[in-house]
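Reading through the structure tokens given below for one structure.
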Amino acid sequence: MFGELKFAAIASLAALIIGMYAGWQIRDWQADSEALKVQEATNQKLQAEIRRVADLQNKLRAQEREAGEALMQAETDRQKEIENVRKTKDATIAALRSDLVKLRDPWAGDRETACGSTQTPETAGTVLPDRTGELSNQLAEYLVSEAARADAIVVELNACRRVAVDQNAACNRMLVEAFR
């Protein structure tokens, strides 16, 4: 009787241990299954994010390439415009030197009479100012050169402005794309 009780106790204890072990294994399998589902979902989200980042990087590279091409085009345009300014200046100075073009001060003839001068050609020993208002070649060349220098500065500033506007637009497009 004691032996049967002992056997029943051992059998009950063994059944309890086997039941607990089986329950533990089932819970482990369920937990592993749930963890696997969460991991798969996380992996899918991660893969989608990796694809999105790769797409953004490709778009960024394309935009950088386009910006580089635009910058090179802006530099080419700037050089052409500077060359046109130089050619115009050289042509104008050549025309001044060959007396094909004369620069005049339109108010030069009126200045003396407007200031109340009473000089007349009959006044002895008096040198009358040039009433035609024609500028000397040296002064005309200086003014043409300064005008060309100012035009070149305008070309440089316009090129800088175009590049800045283009770069700002590209940055804005990238930001909008990144936060979609």
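Residue numbers start at 1 in each chain; chains themselves are named A, B, ... in the order of the structure tokens; ligands are numbered from 1 in the order shown.
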Would you list the contacts of Asp90 (chain A) as a list in words, taking every protein, DNA or RNA residue within 10 Å and counting only C-alpha atoms, but skipping same-chain residues closer than 6 positions in sequence?
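Result of the neighbour search: Asn84, Leu96, Glu141, Val144, Ser145 and Ala148 of chain A.
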Residues near Ala70 (chain A), anyone? I mean within 10 Å using only C-alpha atoms, not counting same-chain ones fewer than 6 positions away, as a PDB file with C-alpha atoms, in the first residue's frame.
ATOM      1  CA  GLU A  64      23.260  66.933 -57.313  1.00  0.00           C
ATOM      2  CA  THR A  76      29.454  79.008 -69.405  1.00  0.00           C
ATOM      3  CA  ARG A 162      20.751  82.586 -60.559  1.00  0.00           C
ATOM      4  CA  VAL A 163      22.914  79.960 -58.854  1.00  0.00           C
ATOM      5  CA  ASP A 166      18.550  77.373 -58.342  1.00  0.00           C
ATOM      6  CA  GLN A 167      20.281  75.887 -55.296  1.00  0.00           C
TER       7      GLN A 167
END
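Here CA of Glu146 (chain A) stands at a distance of 11.4 Å from CA of Arg86 (chain A).
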So that each row is one residue of region 27-116 of chain A with an atom at most 7 Å from region 134-139 of chain A, can you give its shortest atom pair and the distance in Å to one decimal, using only C-alpha atoms, rows by chain and rising number, as JSON lines?
{"residue": "A:Leu96", "atom": "CA", "partner": "A:Asn137", "partner_atom": "CA", "distance": 6.5}
{"residue": "A:Arg97", "atom": "CA", "partner": "A:Asn137", "partner_atom": "CA", "distance": 6.8}
{"residue": "A:Lys102", "atom": "CA", "partner": "A:Glu134", "partner_atom": "CA", "distance": 6.7}
{"residue": "A:Leu103", "atom": "CA", "partner": "A:Leu135", "partner_atom": "CA", "distance": 5.6}
{"residue": "A:Arg104", "atom": "CA", "partner": "A:Glu134", "partner_atom": "CA", "distance": 4.2}
{"residue": "A:Asp105", "atom": "CA", "partner": "A:Glu134", "partner_atom": "CA", "distance": 6.3}
So that I can see what lies close to Ala170 (chain A), please list as a VMD selection string the residues with an atom at most 12 Å from it, counting only C-alpha atoms and leaving out residues fewer than 6 positions away in the same chain.
chain A and resid 59 to 68 70 163 to 164 176 to 177
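Ranking A:Arg180, A:Leu46, A:Ile26, A:Arg149 by their shortest atom-to-atom distance to Glu83 (chain A), with only C-alpha atoms included, puts A:Arg149 first.
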Where in region 15-162 of chain A does DSSP assign helix (DSSP H, G or I), given as a PyMOL selection string?
chain A and resi 15-97+108-114+137-162
For the selection you just gave me, I'd like the residues written to a file as a JSON list (two decimals), in the first residue's frame, keeping C-alpha atoms.
[["chain", "number", "residue", "atom", "x", "y", "z"],
["A", 15, "ALA", "CA", 2.72, 13.91, -14.63],
["A", 16, "LEU", "CA", 2.82, 17.37, -13.02],
["A", 17, "ILE", "CA", 6.39, 17.92, -14.14],
["A", 18, "ILE", "CA", 5.60, 16.66, -17.65],
["A", 19, "GLY", "CA", 2.49, 18.88, -17.76],
["A", 20, "MET", "CA", 4.42, 21.92, -16.58],
["A", 21, "TYR", "CA", 7.17, 21.19, -19.08],
["A", 22, "ALA", "CA", 4.63, 20.75, -21.88],
["A", 23, "GLY", "CA", 2.87, 23.98, -20.85],
["A", 24, "TRP", "CA", 6.18, 25.78, -20.74],
["A", 25, "GLN", "CA", 7.09, 24.48, -24.21],
["A", 26, "ILE", "CA", 3.71, 25.46, -25.64],
["A", 27, "ARG", "CA", 4.07, 28.96, -24.14],
["A", 28, "ASP", "CA", 7.61, 29.14, -25.56],
["A", 29, "TRP", "CA", 6.33, 28.15, -28.99],
["A", 30, "GLN", "CA", 3.57, 30.74, -28.78],
["A", 31, "ALA", "CA", 5.99, 33.42, -27.61],
["A", 32, "ASP", "CA", 8.45, 32.45, -30.34],
["A", 33, "SER", "CA", 5.64, 32.57, -32.89],
["A", 34, "GLU", "CA", 4.52, 36.02, -31.70],
["A", 35, "ALA", "CA", 8.11, 37.25, -31.61],
["A", 36, "LEU", "CA", 8.63, 35.91, -35.13],
["A", 37, "LYS", "CA", 5.51, 37.73, -36.35],
["A", 38, "VAL", "CA", 6.69, 40.98, -34.74],
["A", 39, "GLN", "CA", 10.17, 40.48, -36.17],
["A", 40, "GLU", "CA", 8.79, 39.82, -39.66],
["A", 41, "ALA", "CA", 6.60, 42.93, -39.47],
["A", 42, "THR", "CA", 9.57, 44.96, -38.24],
["A", 43, "ASN", "CA", 11.77, 43.54, -41.00],
["A", 44, "GLN", "CA", 9.17, 44.46, -43.61],
["A", 45, "LYS", "CA", 8.96, 48.00, -42.28],
["A", 46, "LEU", "CA", 12.75, 48.19, -42.16],
["A", 47, "GLN", "CA", 13.07, 46.93, -45.74],
["A", 48, "ALA", "CA", 10.48, 49.47, -46.88],
["A", 49, "GLU", "CA", 12.40, 52.24, -45.09],
["A", 50, "ILE", "CA", 15.69, 51.06, -46.59],
["A", 51, "ARG", "CA", 14.11, 51.18, -50.06],
["A", 52, "ARG", "CA", 12.74, 54.67, -49.34],
["A", 53, "VAL", "CA", 16.17, 55.90, -48.17],
["A", 54, "ALA", "CA", 17.83, 54.34, -51.22],
["A", 55, "ASP", "CA", 15.29, 56.07, -53.48],
["A", 56, "LEU", "CA", 15.92, 59.38, -51.72],
["A", 57, "GLN", "CA", 19.67, 58.90, -52.10],
["A", 58, "ASN", "CA", 19.26, 58.18, -55.80],
["A", 59, "LYS", "CA", 17.07, 61.27, -56.19],
["A", 60, "LEU", "CA", 19.63, 63.31, -54.24],
["A", 61, "ARG", "CA", 22.43, 62.10, -56.51],
["A", 62, "ALA", "CA", 20.33, 62.97, -59.57],
["A", 63, "GLN", "CA", 19.59, 66.41, -58.15],
["A", 64, "GLU", "CA", 23.26, 66.93, -57.31],
["A", 65, "ARG", "CA", 24.17, 65.96, -60.87],
["A", 66, "GLU", "CA", 21.52, 68.33, -62.25],
["A", 67, "ALA", "CA", 22.74, 71.11, -59.95],
["A", 68, "GLY", "CA", 26.31, 70.52, -61.12],
["A", 69, "GLU", "CA", 25.21, 70.66, -64.74],
["A", 70, "ALA", "CA", 23.21, 73.83, -64.06],
["A", 71, "LEU", "CA", 26.23, 75.36, -62.33],
["A", 72, "MET", "CA", 28.45, 74.51, -65.29],
["A", 73, "GLN", "CA", 25.87, 75.99, -67.67],
["A", 74, "ALA", "CA", 25.63, 79.13, -65.52],
["A", 75, "GLU", "CA", 29.42, 79.46, -65.61],
["A", 76, "THR", "CA", 29.45, 79.01, -69.40],
["A", 77, "ASP", "CA", 26.72, 81.62, -69.77],
["A", 78, "ARG", "CA", 28.57, 83.98, -67.45],
["A", 79, "GLN", "CA", 31.78, 83.63, -69.44],
["A", 80, "LYS", "CA", 29.90, 84.30, -72.70],
["A", 81, "GLU", "CA", 28.25, 87.38, -71.24],
["A", 82, "ILE", "CA", 31.59, 88.68, -69.90],
["A", 83, "GLU", "CA", 33.14, 88.08, -73.34],
["A", 84, "ASN", "CA", 30.24, 89.97, -74.98],
["A", 85, "VAL", "CA", 30.78, 92.89, -72.58],
["A", 86, "ARG", "CA", 34.51, 92.90, -73.41],
["A", 87, "LYS", "CA", 33.85, 92.74, -77.17],
["A", 88, "THR", "CA", 31.33, 95.58, -76.96],
["A", 89, "LYS", "CA", 33.83, 97.68, -74.98],
["A", 90, "ASP", "CA", 36.64, 96.94, -77.43],
["A", 91, "ALA", "CA", 34.43, 97.73, -80.42],
["A", 92, "THR", "CA", 33.26, 100.99, -78.85],
["A", 93, "ILE", "CA", 36.82, 102.05, -77.99],
["A", 94, "ALA", "CA", 37.97, 101.15, -81.53],
["A", 95, "ALA", "CA", 35.11, 103.25, -82.93],
["A", 96, "LEU", "CA", 36.12, 106.14, -80.64],
["A", 97, "ARG", "CA", 39.75, 105.93, -81.75],
["A", 108, "ALA", "CA", 28.20, 121.37, -72.09],
["A", 109, "GLY", "CA", 27.14, 124.10, -74.52],
["A", 110, "ASP", "CA", 24.47, 125.43, -72.19],
["A", 111, "ARG", "CA", 26.54, 125.42, -69.04],
["A", 112, "GLU", "CA", 28.32, 128.71, -69.62],
["A", 113, "THR", "CA", 25.24, 130.67, -70.57],
["A", 114, "ALA", "CA", 23.24, 129.07, -67.81],
["A", 137, "ASN", "CA", 39.04, 110.33, -76.59],
["A", 138, "GLN", "CA", 40.88, 109.62, -73.33],
["A", 139, "LEU", "CA", 37.85, 110.56, -71.22],
["A", 140, "ALA", "CA", 35.48, 108.72, -73.55],
["A", 141, "GLU", "CA", 37.62, 105.55, -73.39],
["A", 142, "TYR", "CA", 37.72, 105.79, -69.60],
["A", 143, "LEU", "CA", 33.94, 106.14, -69.41],
["A", 144, "VAL", "CA", 33.40, 103.23, -71.82],
["A", 145, "SER", "CA", 35.82, 101.07, -69.79],
["A", 146, "GLU", "CA", 34.08, 101.94, -66.54],
["A", 147, "ALA", "CA", 30.69, 101.20, -68.08],
["A", 148, "ALA", "CA", 32.02, 97.82, -69.27],
["A", 149, "ARG", "CA", 33.43, 97.11, -65.81],
["A", 150, "ALA", "CA", 30.02, 97.91, -64.29],
["A", 151, "ASP", "CA", 28.32, 95.66, -66.87],
["A", 152, "ALA", "CA", 30.75, 92.82, -65.97],
["A", 153, "ILE", "CA", 29.90, 93.27, -62.28],
["A", 154, "VAL", "CA", 26.19, 93.08, -63.13],
["A", 155, "VAL", "CA", 26.82, 89.87, -65.10],
["A", 156, "GLU", "CA", 28.71, 88.38, -62.11],
["A", 157, "LEU", "CA", 25.98, 89.35, -59.65],
["A", 158, "ASN", "CA", 23.24, 87.98, -61.91],
["A", 159, "ALA", "CA", 25.14, 84.69, -62.24],
["A", 160, "CYS", "CA", 25.46, 84.47, -58.44],
["A", 161, "ARG", "CA", 21.78, 85.23, -58.01],
["A", 162, "ARG", "CA", 20.75, 82.59, -60.56]]
Point-to-point distance in Å for CA of Leu100 (chain A) and CA of Gly133 (chain A):
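So the two atoms, CA of Gly133 (chain A) and CA of Leu100 (chain A), lie 16.4 Å apart.
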